[in-house]
$ cat coords.txt   # compact mmCIF, C-alpha atoms and all ligand atoms
# COMPACT_ATOMS: atom_id res chain seq x y z
CA MET A 1 22.88 11.00 39.53
CA LEU A 2 25.90 8.94 38.48
CA GLY A 3 25.75 6.57 35.53
CA LEU A 4 25.76 2.88 36.40
CA THR A 5 28.71 0.70 35.42
CA PRO A 6 27.44 -1.85 32.87
CA ALA A 7 27.67 -5.60 33.49
CA GLN A 8 29.86 -7.85 31.36
CA THR A 9 30.08 -11.62 31.13
CA VAL A 10 32.27 -13.55 33.58
CA GLY A 11 33.70 -15.29 30.50
CA PRO A 12 35.09 -18.83 30.39
CA TYR A 13 37.76 -18.35 33.05
CA LEU A 14 35.74 -17.33 36.11
CA SER A 15 37.15 -20.32 37.98
CA ILE A 16 40.47 -18.45 38.22
CA GLY A 17 38.99 -15.69 40.28
CA LEU A 18 35.68 -16.54 41.94
CA PRO A 19 35.52 -19.95 43.65
CA TRP A 20 36.22 -20.11 47.40
CA SER A 21 37.23 -23.33 49.12
CA ASP A 22 34.40 -22.79 51.63
CA GLY A 23 32.07 -21.24 49.05
CA PRO A 24 29.45 -24.01 49.05
CA LEU A 25 29.19 -23.96 52.85
CA VAL A 26 26.42 -21.53 53.76
CA VAL A 27 26.55 -23.22 57.16
CA PRO A 28 29.44 -25.17 58.71
CA GLU A 29 29.67 -28.78 57.60
CA THR A 30 29.17 -29.82 61.23
CA ASP A 31 25.72 -28.17 61.48
CA PRO A 32 23.41 -31.12 62.34
CA ASP A 33 20.42 -29.52 60.57
CA ALA A 34 22.24 -28.82 57.31
CA PHE A 35 21.46 -30.46 53.97
CA TRP A 36 22.78 -30.21 50.43
CA VAL A 37 20.89 -28.42 47.69
CA ARG A 38 22.21 -29.95 44.48
CA GLY A 39 21.48 -29.11 40.90
CA VAL A 40 22.59 -29.25 37.30
CA LEU A 41 22.91 -26.14 35.13
CA ARG A 42 21.85 -26.75 31.52
CA ASP A 43 21.74 -24.68 28.35
CA GLY A 44 19.13 -24.34 25.61
CA ALA A 45 20.18 -27.64 24.03
CA GLY A 46 19.85 -29.44 27.36
CA GLU A 47 23.63 -29.77 27.59
CA PRO A 48 25.39 -29.25 30.93
CA VAL A 49 27.08 -25.87 31.46
CA PRO A 50 30.53 -26.69 32.88
CA ASP A 51 31.80 -23.13 33.26
CA GLY A 52 29.09 -21.45 35.32
CA LEU A 53 28.84 -20.18 38.87
CA ILE A 54 25.86 -20.36 41.21
CA GLU A 55 25.52 -17.91 44.09
CA THR A 56 22.83 -18.05 46.78
CA TRP A 57 21.58 -15.60 49.40
CA GLN A 58 19.02 -16.41 52.09
CA ALA A 59 17.66 -15.70 55.54
CA ASP A 60 18.58 -17.78 58.57
CA PRO A 61 16.15 -20.43 59.92
CA ASP A 62 14.29 -17.66 61.82
CA GLY A 63 13.86 -15.56 58.68
CA CYS A 64 16.52 -12.98 59.66
CA PHE A 65 19.44 -11.55 57.74
CA ALA A 66 22.95 -10.79 58.96
CA HIS A 67 22.63 -7.24 57.64
CA PRO A 68 22.05 -3.75 59.08
CA ASP A 69 19.17 -3.09 56.63
CA ASP A 70 17.06 -5.83 58.20
CA PRO A 71 14.79 -3.45 60.19
CA ARG A 72 13.89 -6.10 62.75
CA GLY A 73 17.34 -5.62 64.24
CA ARG A 74 17.70 -9.20 65.47
CA HIS A 75 21.32 -10.27 65.36
CA THR A 76 22.35 -13.37 63.51
CA SER A 77 25.80 -14.61 62.58
CA PHE A 78 24.30 -16.74 59.80
CA ARG A 79 26.46 -16.29 56.66
CA GLY A 80 23.53 -16.66 54.30
CA PHE A 81 25.76 -16.74 51.21
CA GLY A 82 26.76 -19.69 49.08
CA ARG A 83 28.88 -19.91 45.97
CA CYS A 84 29.70 -22.93 43.84
CA PRO A 85 31.20 -23.22 40.35
CA THR A 86 29.61 -25.83 38.10
CA ALA A 87 31.65 -28.96 37.37
CA ASP A 88 32.12 -30.76 34.05
CA ALA A 89 28.65 -32.30 34.25
CA GLY A 90 27.09 -28.91 35.04
CA ASP A 91 26.57 -29.97 38.65
CA TRP A 92 26.78 -27.70 41.68
CA ALA A 93 25.81 -27.94 45.34
CA ILE A 94 25.52 -25.77 48.43
CA ARG A 95 25.20 -26.91 52.03
CA THR A 96 22.64 -24.92 53.97
CA ARG A 97 19.55 -24.91 56.19
CA LYS A 98 16.04 -24.04 55.23
CA PRO A 99 15.43 -20.29 55.58
CA GLY A 100 12.59 -19.04 57.75
CA ARG A 101 9.68 -17.11 56.29
CA VAL A 102 10.43 -13.47 55.55
CA PRO A 103 7.64 -10.88 55.49
CA ASP A 104 7.23 -8.58 52.49
CA ARG A 105 6.45 -4.84 52.71
CA GLU A 106 2.79 -5.46 53.46
CA GLY A 107 3.66 -7.89 56.24
CA VAL A 108 2.59 -10.91 54.18
CA LEU A 109 4.85 -13.87 54.92
CA GLN A 110 6.73 -15.13 51.88
CA ALA A 111 7.35 -18.86 51.54
CA PRO A 112 10.88 -20.02 52.45
CA HIS A 113 13.11 -19.05 49.54
CA ILE A 114 16.72 -18.60 48.46
CA ASP A 115 17.72 -15.93 45.94
CA VAL A 116 20.03 -17.29 43.23
CA SER A 117 22.40 -15.61 40.77
CA VAL A 118 23.71 -17.56 37.78
CA PHE A 119 26.88 -16.44 36.03
CA ALA A 120 28.44 -18.06 32.95
CA ARG A 121 30.19 -17.48 29.69
CA GLY A 122 27.42 -16.48 27.27
CA LEU A 123 25.51 -14.59 29.98
CA LEU A 124 26.24 -10.90 29.47
CA ASN A 125 24.74 -10.23 32.90
CA ARG A 126 23.85 -12.57 35.74
CA VAL A 127 20.38 -14.11 35.66
CA VAL A 128 18.40 -14.27 38.88
CA THR A 129 15.99 -16.91 40.09
CA ARG A 130 14.62 -18.18 43.41
CA ILE A 131 14.65 -21.58 45.05
CA TYR A 132 11.38 -22.52 46.78
CA PHE A 133 10.83 -25.88 48.46
CA ALA A 134 8.34 -28.39 47.06
CA ASP A 135 7.56 -29.68 50.57
CA GLU A 136 6.25 -26.24 51.64
CA ALA A 137 3.06 -26.47 49.59
CA GLU A 138 0.92 -24.42 51.97
CA ALA A 139 3.43 -21.57 52.24
CA ASN A 140 4.09 -21.68 48.50
CA ASP A 141 0.36 -21.36 47.75
CA ALA A 142 0.29 -18.14 49.80
CA ASP A 143 3.52 -16.66 48.42
CA PRO A 144 2.96 -13.27 46.74
CA LEU A 145 5.79 -13.65 44.22
CA LEU A 146 4.91 -17.19 43.14
CA ALA A 147 1.39 -15.91 42.54
CA THR A 148 2.77 -13.66 39.77
CA VAL A 149 4.42 -16.60 37.98
CA PRO A 150 2.30 -18.41 35.35
CA GLU A 151 1.09 -21.59 37.03
CA HIS A 152 2.60 -23.99 34.48
CA ARG A 153 6.07 -22.50 35.08
CA ARG A 154 6.06 -22.45 38.90
CA ARG A 155 7.42 -25.97 39.08
CA THR A 156 10.76 -24.71 37.75
CA LEU A 157 11.20 -22.79 41.02
CA LEU A 158 10.62 -25.76 43.32
CA ALA A 159 13.51 -27.71 44.84
CA GLU A 160 12.43 -31.35 45.14
CA PRO A 161 13.26 -33.30 48.31
CA THR A 162 15.75 -36.10 47.74
CA GLY A 163 17.44 -38.39 50.24
CA GLY A 164 18.80 -35.95 52.79
CA GLY A 165 18.56 -32.80 50.69
CA TYR A 166 16.99 -31.12 47.69
CA GLN A 167 17.46 -31.09 43.93
CA PHE A 168 17.17 -27.80 42.04
CA ASP A 169 18.09 -28.02 38.36
CA ILE A 170 18.42 -24.82 36.36
CA ARG A 171 17.60 -24.68 32.68
CA LEU A 172 18.83 -21.42 31.12
CA ARG A 173 16.74 -21.69 27.98
CA GLY A 174 14.33 -23.91 26.08
CA GLU A 175 12.11 -26.72 27.30
CA HIS A 176 11.13 -26.27 30.98
CA GLU A 177 13.15 -23.07 31.05
CA THR A 178 13.64 -21.88 34.63
CA VAL A 179 11.73 -18.74 35.59
CA PHE A 180 14.15 -15.80 35.83
CA PHE A 181 13.38 -12.50 37.46
CA ALA A 182 14.02 -8.86 36.61
CA LEU A 183 15.79 -7.54 39.68
CA MET B 1 -1.18 -11.14 59.37
CA ALA B 2 1.94 -9.55 60.84
CA GLU B 3 2.50 -5.80 61.31
CA PRO B 4 3.69 -4.13 58.11
CA LEU B 5 7.45 -3.76 58.24
CA VAL B 6 9.27 -0.50 57.74
CA VAL B 7 11.34 -1.91 54.90
CA PRO B 8 14.04 0.36 53.41
CA SER B 9 13.31 1.66 49.93
CA GLY B 10 14.20 -0.37 46.87
CA TYR B 11 17.01 0.12 44.38
CA ARG B 12 16.61 2.01 41.12
CA ARG B 13 15.92 -0.26 38.16
CA ASP B 14 17.98 -0.16 34.96
CA ASP B 15 15.96 1.63 32.27
CA GLY B 16 17.32 -0.84 29.73
CA THR B 17 20.04 1.43 28.37
CA VAL B 18 22.95 0.40 30.59
CA HIS B 19 23.33 -3.36 30.89
CA PRO B 20 23.77 -5.47 27.76
CA PRO B 21 20.79 -7.46 26.47
CA LEU B 22 21.10 -11.14 27.42
CA ASP B 23 20.38 -12.20 23.86
CA TYR B 24 23.04 -10.57 21.68
CA ALA B 25 23.73 -12.20 18.32
CA GLY B 26 27.26 -10.82 18.00
CA TYR B 27 28.33 -12.87 21.02
CA ARG B 28 27.69 -16.41 19.84
CA SER B 29 27.52 -18.14 23.23
CA THR B 30 24.39 -16.17 24.16
CA ALA B 31 22.34 -18.17 21.64
CA LEU B 32 22.07 -21.26 23.85
CA ARG B 33 22.38 -19.59 27.22
CA ALA B 34 20.23 -16.46 27.27
CA PRO B 35 16.72 -17.16 28.61
CA SER B 36 14.01 -16.89 25.94
CA GLU B 37 11.05 -16.22 28.25
CA PRO B 38 10.42 -12.69 29.53
CA LEU B 39 11.79 -11.93 32.99
CA ILE B 40 9.24 -11.59 35.79
CA LEU B 41 9.43 -8.55 38.06
CA LEU B 42 11.04 -9.27 41.44
CA PRO B 43 9.98 -6.63 43.99
CA HIS B 44 12.72 -5.51 46.35
CA ASN B 45 11.96 -7.07 49.70
CA LEU B 46 14.34 -7.95 52.51
CA THR B 47 16.08 -10.78 50.69
CA GLU B 48 16.94 -8.42 47.84
CA LEU B 49 17.76 -5.39 50.03
CA THR B 50 20.29 -7.31 52.09
CA GLY B 51 23.33 -9.23 50.88
CA PRO B 52 26.56 -10.79 52.00
CA LEU B 53 28.95 -8.45 53.83
CA LEU B 54 31.92 -10.74 53.63
CA GLY B 55 34.99 -8.58 53.43
CA GLU B 56 37.27 -9.48 56.28
CA GLY B 57 39.03 -12.80 56.04
CA ARG B 58 38.70 -12.86 52.25
CA VAL B 59 41.65 -10.53 51.66
CA SER B 60 45.27 -10.58 52.84
CA SER B 61 48.15 -8.13 52.79
CA SER B 62 49.33 -9.61 49.50
CA SER B 63 46.02 -10.27 47.72
CA ALA B 64 45.83 -6.75 46.25
CA ASP B 65 49.22 -7.15 44.52
CA LEU B 66 49.07 -9.50 41.54
CA SER B 67 52.51 -8.46 40.30
CA VAL B 68 54.50 -10.47 42.84
CA GLN B 69 54.36 -14.16 43.67
CA PRO B 70 56.50 -16.04 46.19
CA GLY B 71 58.72 -17.16 43.30
CA GLY B 72 59.33 -13.70 41.87
CA GLU B 73 57.89 -10.83 39.91
CA ALA B 74 55.45 -11.19 37.02
CA LEU B 75 56.57 -10.17 33.54
CA GLY B 76 54.94 -7.22 31.86
CA GLN B 77 54.11 -3.57 32.39
CA ARG B 78 53.55 -2.99 36.11
CA ILE B 79 50.43 -0.90 36.72
CA ILE B 80 48.40 0.48 39.59
CA VAL B 81 44.64 0.15 39.18
CA HIS B 82 42.70 2.23 41.63
CA GLY B 83 39.41 4.04 42.01
CA ARG B 84 36.30 4.44 44.02
CA VAL B 85 33.14 2.40 44.34
CA LEU B 86 30.04 4.59 44.59
CA ASP B 87 26.33 4.10 44.16
CA GLU B 88 24.17 6.04 41.69
CA ASN B 89 23.43 8.58 44.42
CA ALA B 90 27.20 9.24 44.71
CA ARG B 91 27.43 7.56 48.11
CA PRO B 92 30.63 5.61 48.68
CA VAL B 93 30.25 1.85 49.03
CA PRO B 94 32.55 1.05 51.97
CA HIS B 95 34.17 -2.24 53.00
CA THR B 96 32.96 -4.15 49.98
CA LEU B 97 34.87 -7.03 48.46
CA ILE B 98 36.32 -6.63 44.95
CA GLU B 99 37.57 -9.76 43.21
CA VAL B 100 39.57 -9.53 39.98
CA TRP B 101 41.04 -12.00 37.51
CA GLN B 102 42.92 -11.44 34.27
CA ALA B 103 45.22 -12.81 31.57
CA ASN B 104 48.99 -12.36 31.84
CA ALA B 105 51.03 -9.86 29.82
CA ALA B 106 51.05 -12.24 26.87
CA GLY B 107 47.27 -12.64 26.86
CA ARG B 108 47.21 -16.11 28.44
CA TYR B 109 45.03 -17.21 31.37
CA LEU B 110 46.28 -19.72 33.89
CA HIS B 111 43.39 -22.06 33.09
CA ARG B 112 43.21 -25.57 31.58
CA VAL B 113 40.69 -24.46 28.96
CA ASP B 114 42.89 -21.64 27.62
CA ARG B 115 44.73 -23.08 24.58
CA HIS B 116 46.06 -19.76 23.28
CA ASP B 117 49.58 -20.24 21.96
CA ALA B 118 51.16 -17.65 24.27
CA PRO B 119 53.50 -18.29 27.20
CA ILE B 120 52.40 -18.92 30.77
CA ASP B 121 54.20 -16.76 33.32
CA PRO B 122 55.18 -18.88 36.34
CA ASN B 123 55.03 -15.77 38.50
CA PHE B 124 51.54 -14.70 37.57
CA THR B 125 48.29 -16.32 38.69
CA GLY B 126 46.06 -13.42 37.65
CA VAL B 127 43.88 -13.43 40.80
CA GLY B 128 43.42 -10.51 43.17
CA ARG B 129 41.16 -9.40 46.01
CA VAL B 130 40.80 -6.11 47.79
CA LEU B 131 38.32 -4.39 50.09
CA THR B 132 37.18 -0.83 49.62
CA ASP B 133 38.02 1.47 52.54
CA ASP B 134 35.45 3.47 54.49
CA GLN B 135 35.25 5.98 51.61
CA GLY B 136 34.85 3.32 48.91
CA ASN B 137 38.45 3.59 47.65
CA TYR B 138 40.45 0.61 46.45
CA ARG B 139 43.93 0.06 45.01
CA LEU B 140 45.44 -2.91 43.19
CA VAL B 141 48.89 -3.51 41.74
CA THR B 142 49.13 -5.79 38.72
CA ILE B 143 50.59 -6.02 35.22
CA LYS B 144 48.82 -4.88 32.09
CA PRO B 145 47.06 -7.90 30.55
CA GLY B 146 47.55 -8.75 26.89
CA ALA B 147 44.81 -9.00 24.28
CA TYR B 148 43.83 -12.57 23.39
CA PRO B 149 42.05 -14.44 20.59
CA TRP B 150 38.77 -16.15 21.46
CA GLY B 151 37.23 -17.88 18.46
CA ASN B 152 33.85 -16.13 18.50
CA HIS B 153 34.31 -15.28 14.83
CA PRO B 154 37.27 -15.32 12.42
CA ASN B 155 40.24 -13.39 13.85
CA ALA B 156 38.36 -12.41 17.01
CA TRP B 157 40.47 -10.69 19.70
CA ARG B 158 39.37 -9.44 23.09
CA PRO B 159 40.65 -5.98 23.98
CA ALA B 160 42.87 -6.07 27.09
CA HIS B 161 40.67 -6.21 30.17
CA ILE B 162 40.50 -7.10 33.85
CA HIS B 163 37.45 -8.97 35.16
CA PHE B 164 35.89 -7.25 38.20
CA SER B 165 33.37 -8.77 40.61
CA LEU B 166 31.67 -6.66 43.30
CA PHE B 167 29.15 -7.44 46.00
CA GLY B 168 28.08 -3.99 47.10
CA ARG B 169 25.86 -4.00 50.21
CA ALA B 170 22.77 -5.73 48.82
CA PHE B 171 21.80 -8.63 46.54
CA THR B 172 20.50 -6.00 44.09
CA GLN B 173 23.93 -4.34 43.84
CA ARG B 174 25.96 -7.40 42.83
CA LEU B 175 27.94 -6.64 39.69
CA VAL B 176 30.40 -8.49 37.48
CA THR B 177 32.00 -6.37 34.78
CA GLN B 178 35.24 -5.86 32.87
CA MET B 179 37.65 -2.94 33.03
CA TYR B 180 39.20 -1.86 29.75
CA PHE B 181 42.18 0.36 28.92
CA PRO B 182 41.98 3.75 27.14
CA ASP B 183 41.99 3.96 23.35
CA ASP B 184 42.18 0.23 22.66
CA PRO B 185 42.06 -0.25 18.86
CA LEU B 186 40.14 -3.52 19.39
CA PHE B 187 37.05 -1.81 20.87
CA ALA B 188 35.43 -1.43 17.47
CA TYR B 189 35.68 -5.18 16.79
CA ASP B 190 34.66 -6.63 20.15
CA PRO B 191 31.05 -7.83 20.51
CA ILE B 192 31.30 -8.16 24.29
CA PHE B 193 32.34 -4.52 24.72
CA ASN B 194 29.74 -3.44 22.15
CA SER B 195 26.97 -5.50 23.74
CA VAL B 196 26.54 -2.41 25.90
CA ARG B 197 24.51 -0.43 23.41
CA ASP B 198 24.85 3.07 24.82
CA GLU B 199 28.14 4.75 23.99
CA ARG B 200 28.30 6.72 27.24
CA ALA B 201 27.68 3.54 29.21
CA ARG B 202 30.44 1.77 27.27
CA ARG B 203 32.86 4.54 28.16
CA ARG B 204 32.20 3.89 31.85
CA MET B 205 33.92 0.51 31.47
CA VAL B 206 37.12 2.17 30.23
CA SER B 207 39.71 3.18 32.80
CA HIS B 208 41.58 6.50 32.59
CA PHE B 209 45.33 6.91 32.50
CA ASP B 210 46.16 8.65 35.79
CA MET B 211 49.53 10.43 35.69
CA ASP B 212 49.15 11.68 39.27
CA ALA B 213 48.90 8.14 40.62
CA THR B 214 51.90 6.78 38.73
CA VAL B 215 54.98 5.99 40.80
CA ASP B 216 58.26 7.30 39.39
CA SER B 217 60.55 4.54 38.14
CA TRP B 218 58.06 1.87 39.24
CA ALA B 219 54.52 1.76 37.80
CA LEU B 220 51.97 3.44 35.53
CA ALA B 221 48.48 4.01 36.89
CA PHE B 222 44.90 3.72 35.69
CA ARG B 223 41.79 4.96 37.45
CA PHE B 224 38.58 2.92 37.31
CA ASP B 225 35.59 4.20 39.27
CA ILE B 226 32.69 1.80 39.58
CA VAL B 227 29.05 2.80 40.10
CA LEU B 228 26.62 0.30 41.63
CA ARG B 229 22.85 0.70 41.86
CA GLY B 230 21.53 3.27 44.29
CA ARG B 231 18.27 3.49 46.20
CA ASP B 232 15.42 5.07 44.29
CA ALA B 233 14.51 7.30 47.22
CA THR B 234 16.20 8.46 50.40
CA PRO B 235 15.61 5.75 52.98
CA MET B 236 13.69 6.69 56.11
CA GLU B 237 15.90 7.47 59.07
CA GLN B 238 15.74 4.68 61.59
CA PRO B 239 14.65 5.84 65.06
FE FE C 301 38.76 -12.30 29.88
$ encode --input "coords.txt" --output "structure tokens"
Amino acid sequence: MLGLTPAQTVGPYLSIGLPWSDGPLVVPETDPDAFWVRGVLRDGAGEPVPDGLIETWQADPDGCFAHPDDPRGRHTSFRGFGRCPTADAGDWAIRTRKPGRVPDREGVLQAPHIDVSVFARGLLNRVVTRIYFADEAEANDADPLLATVPEHRRRTLLAEPTGGGYQFDIRLRGEHETVFFAL
Amino acid sequence: MAEPLVVPSGYRRDDGTVHPPLDYAGYRSTALRAPSEPLILLPHNLTELTGPLLGEGRVSSSSADLSVQPGGEALGQRIIVHGRVLDENARPVPHTLIEVWQANAAGRYLHRVDRHDAPIDPNFTGVGRVLTDDQGNYRLVTIKPGAYPWGNHPNAWRPAHIHFSLFGRAFTQRLVTQMYFPDDPLFAYDPIFNSVRDERARRRMVSHFDMDATVDSWALAFRFDIVLRGRDATPMEQP
């Protein structure tokens, strides 16, 4: 077995190398069913993080992935990937559609979710969280991963509906710290 | 309930000896940014086993050569950086996007936040992109970046490095790291390099001088192989 290459921080200058002009567009801007997921990235003092990067990965609206390892073999051209650097006020946004429900290994349907990576100066490795949707209460109640999260912290994983989209703030540390996962 | 899916096997989990701890006192910025709560286990299901395969269209014929801009050639020591991207099971990772960014030869980034008193090079942006080929090989041309001061502690200098970002083939494989150069005297003083606690793991971030890949009268060469996570068992053959 080969030894893994260790992670290192993106540092303060990730905006030189990582942003794409179409990064925030998981779906084309013209998609009539698209909405913005917006959020603010904050640190342990509650201050905005202006030099971070948010990346998202999700299924298409039917719960399928544009990837050969999706064993259901249905073809989708859905990009599924979003990337947005945080601005001076820590704010970021991606334009997407709600993912369909994806079954787990036992065939249990997970609630609609988006996997999220957060990169920033001061993070020696990415941290990983998931966006769930507050208006999917029934599906969320049956979600096998949410069930493993202490109840009082689940709210940190819920994107709240706003006018025409959702709000998903990320708190790296401290009060109302977002739940992060070991991947 | 739906039929159980034949989901491919998951990826091997870090035993805690390879990646740096998120909370590392030597690197001051971790204090306010590293999560304080324990991480919760995320099983590897389809969302984690898949990932963006976005190579084509993100690279161009010139994006793998950082040493030349439309206005002219960058100053500094021209180098070739090449290697292979593999997984832990020694399988090549083909057609995966590698994104790099770095300081110029004087140790200055082309970034509004970088106030280091070192010259900007008008012919160096410090951004590159390349795809691995079907055997996981990649090759970049650039100039050797300079060391730079960073204010983490008195007289703090980063060893020369190139930032590398890789997607791999799955969300689990995503990796951002830094490539270092052999025998840098600043290694001993750099908390970011030393945040990787295992010495053998640290060495895997250091490129090797590669005489065979140098080009006579043109460029030196360094080899940097990158290993992403591998599956923890051989996946079932699909019918
Ligand atoms: Fe750097």
$ closest_residue --input "coords.txt" --among "A:Phe81, A:Trp57, A:Phe181, A:Trp92" --to "Val127 in chain A" --atoms "only C-alpha atoms"
A:Phe181
$ residues_near_ligand --input "coords.txt" --ligand "ligand FE 301 (chain C)" --cutoff "8 Å" --atoms "all atoms listed in the file" --output "PyMOL selection string"
(chain A and resi 10-13) or (chain B and resi 101-103+158+160-163+178)
$ residues_around --input "coords.txt" --residues "Glu160 in chain A" --least-positions-apart "4" --cutoff "7 Å" --atoms "only C-alpha atoms" --output "list in words"
Phe133, Ala134, Tyr166, Gln167 and Phe168 of chain A
$ closest_atom_pairs --input "coords.txt" --of "chain A" --to "chain B" --cutoff "8 Å" --atoms "all atoms listed in the file" --output "Markdown table"
| residue | atom | partner | partner_atom | distance |
| --- | --- | --- | --- | --- |
| A:Met1 | CA | B:Asn89 | CA | 5.5 |
| A:Leu2 | CA | B:Glu88 | CA | 4.7 |
| A:Gly3 | CA | B:Glu88 | CA | 6.4 |
| A:Leu4 | CA | B:Val227 | CA | 5.0 |
| A:Thr5 | CA | B:Val227 | CA | 5.1 |
| A:Pro6 | CA | B:His19 | CA | 4.8 |
| A:Ala7 | CA | B:Thr177 | CA | 4.6 |
| A:Gln8 | CA | B:Thr177 | CA | 4.3 |
| A:Thr9 | CA | B:Thr177 | CA | 6.7 |
| A:Val10 | CA | B:Val176 | CA | 6.7 |
| A:Tyr13 | CA | B:His111 | CA | 6.7 |
| A:Leu14 | CA | B:Trp101 | CA | 7.6 |
| A:Ile16 | CA | B:Trp101 | CA | 6.5 |
| A:Gly17 | CA | B:Trp101 | CA | 5.0 |
| A:Leu18 | CA | B:Glu99 | CA | 7.2 |
| A:Asp43 | CA | B:Arg33 | CA | 5.3 |
| A:Gly44 | CA | B:Leu32 | CA | 4.6 |
| A:Ala45 | CA | B:Leu32 | CA | 6.7 |
| A:Trp57 | CA | B:Gly51 | CA | 6.8 |
| A:Gln58 | CA | B:Thr47 | CA | 6.5 |
| A:Ala59 | CA | B:Thr47 | CA | 7.1 |
| A:Phe65 | CA | B:Thr50 | CA | 7.1 |
| A:Ala66 | CA | B:Pro52 | CA | 7.8 |
| A:His67 | CA | B:Thr50 | CA | 6.0 |
| A:Asp69 | CA | B:Thr50 | CA | 6.3 |
| A:Asp70 | CA | B:Leu46 | CA | 6.7 |
| A:Pro71 | CA | B:Val7 | CA | 6.5 |
| A:Arg79 | CA | B:Pro52 | CA | 7.2 |
| A:Gly80 | CA | B:Pro52 | CA | 7.0 |
| A:Phe81 | CA | B:Pro52 | CA | 6.1 |
| A:Val102 | CA | B:Leu46 | CA | 7.4 |
| A:Pro103 | CA | B:Leu5 | CA | 7.6 |
| A:Asp104 | CA | B:Asn45 | CA | 5.7 |
| A:Arg105 | CA | B:Leu5 | CA | 5.7 |
| A:Glu106 | CA | B:Pro4 | CA | 4.9 |
| A:Gly107 | CA | B:Pro4 | CA | 4.2 |
| A:Val108 | CA | B:Met1 | CA | 6.4 |
| A:Leu109 | CA | B:Ala2 | CA | 7.9 |
| A:Asp115 | CA | B:Thr47 | CA | 7.2 |
| A:Arg121 | CA | B:Ser29 | CA | 7.0 |
| A:Gly122 | CA | B:Thr30 | CA | 4.4 |
| A:Leu123 | CA | B:Thr30 | CA | 6.1 |
| A:Leu124 | CA | B:Leu22 | CA | 5.5 |
| A:Asn125 | CA | B:Leu22 | CA | 6.6 |
| A:Arg126 | CA | B:Val176 | CA | 7.9 |
| A:Leu145 | CA | B:Leu42 | CA | 7.4 |
| A:Thr148 | CA | B:Ile40 | CA | 7.9 |
| A:Val149 | CA | B:Ile40 | CA | 7.3 |
| A:Leu172 | CA | B:Pro35 | CA | 5.4 |
| A:Arg173 | CA | B:Pro35 | CA | 4.6 |
| A:Gly174 | CA | B:Ser36 | CA | 7.0 |
| A:Glu177 | CA | B:Pro35 | CA | 7.3 |
| A:Val179 | CA | B:Leu39 | CA | 7.3 |
| A:Phe180 | CA | B:Leu39 | CA | 5.3 |
| A:Phe181 | CA | B:Ile40 | CA | 4.6 |
| A:Ala182 | CA | B:Leu41 | CA | 4.8 |
| A:Leu183 | CA | B:Leu42 | CA | 5.4 |
$ write_last_selection --input "coords.txt" --atoms "C-alpha atoms" --output "CSV table (one decimal), keeping the file's coordinate frame"
chain,number,residue,atom,x,y,z
A,1,MET,CA,22.9,11.0,39.5
A,2,LEU,CA,25.9,8.9,38.5
A,3,GLY,CA,25.8,6.6,35.5
A,4,LEU,CA,25.8,2.9,36.4
A,5,THR,CA,28.7,0.7,35.4
A,6,PRO,CA,27.4,-1.8,32.9
A,7,ALA,CA,27.7,-5.6,33.5
A,8,GLN,CA,29.9,-7.8,31.4
A,9,THR,CA,30.1,-11.6,31.1
A,10,VAL,CA,32.3,-13.6,33.6
A,13,TYR,CA,37.8,-18.4,33.0
A,14,LEU,CA,35.7,-17.3,36.1
A,16,ILE,CA,40.5,-18.4,38.2
A,17,GLY,CA,39.0,-15.7,40.3
A,18,LEU,CA,35.7,-16.5,41.9
A,43,ASP,CA,21.7,-24.7,28.4
A,44,GLY,CA,19.1,-24.3,25.6
A,45,ALA,CA,20.2,-27.6,24.0
A,57,TRP,CA,21.6,-15.6,49.4
A,58,GLN,CA,19.0,-16.4,52.1
A,59,ALA,CA,17.7,-15.7,55.5
A,65,PHE,CA,19.4,-11.6,57.7
A,66,ALA,CA,23.0,-10.8,59.0
A,67,HIS,CA,22.6,-7.2,57.6
A,69,ASP,CA,19.2,-3.1,56.6
A,70,ASP,CA,17.1,-5.8,58.2
A,71,PRO,CA,14.8,-3.4,60.2
A,79,ARG,CA,26.5,-16.3,56.7
A,80,GLY,CA,23.5,-16.7,54.3
A,81,PHE,CA,25.8,-16.7,51.2
A,102,VAL,CA,10.4,-13.5,55.6
A,103,PRO,CA,7.6,-10.9,55.5
A,104,ASP,CA,7.2,-8.6,52.5
A,105,ARG,CA,6.4,-4.8,52.7
A,106,GLU,CA,2.8,-5.5,53.5
A,107,GLY,CA,3.7,-7.9,56.2
A,108,VAL,CA,2.6,-10.9,54.2
A,109,LEU,CA,4.8,-13.9,54.9
A,115,ASP,CA,17.7,-15.9,45.9
A,121,ARG,CA,30.2,-17.5,29.7
A,122,GLY,CA,27.4,-16.5,27.3
A,123,LEU,CA,25.5,-14.6,30.0
A,124,LEU,CA,26.2,-10.9,29.5
A,125,ASN,CA,24.7,-10.2,32.9
A,126,ARG,CA,23.8,-12.6,35.7
A,145,LEU,CA,5.8,-13.6,44.2
A,148,THR,CA,2.8,-13.7,39.8
A,149,VAL,CA,4.4,-16.6,38.0
A,172,LEU,CA,18.8,-21.4,31.1
A,173,ARG,CA,16.7,-21.7,28.0
A,174,GLY,CA,14.3,-23.9,26.1
A,177,GLU,CA,13.2,-23.1,31.0
A,179,VAL,CA,11.7,-18.7,35.6
A,180,PHE,CA,14.2,-15.8,35.8
A,181,PHE,CA,13.4,-12.5,37.5
A,182,ALA,CA,14.0,-8.9,36.6
A,183,LEU,CA,15.8,-7.5,39.7
$ residues_around --input "coords.txt" --residues "His113 in chain A" --least-positions-apart "5" --cutoff "7 Å" --atoms "only C-alpha atoms" --output "list of chain:residue names"
A:Gln58, A:Pro99, A:Arg130, A:Ile131, A:Tyr132
$ atom_distance --input "coords.txt" --atom1 "CA of Asp117 in chain B" --atom2 "CA of Gly52 in chain A"
24.5 Å
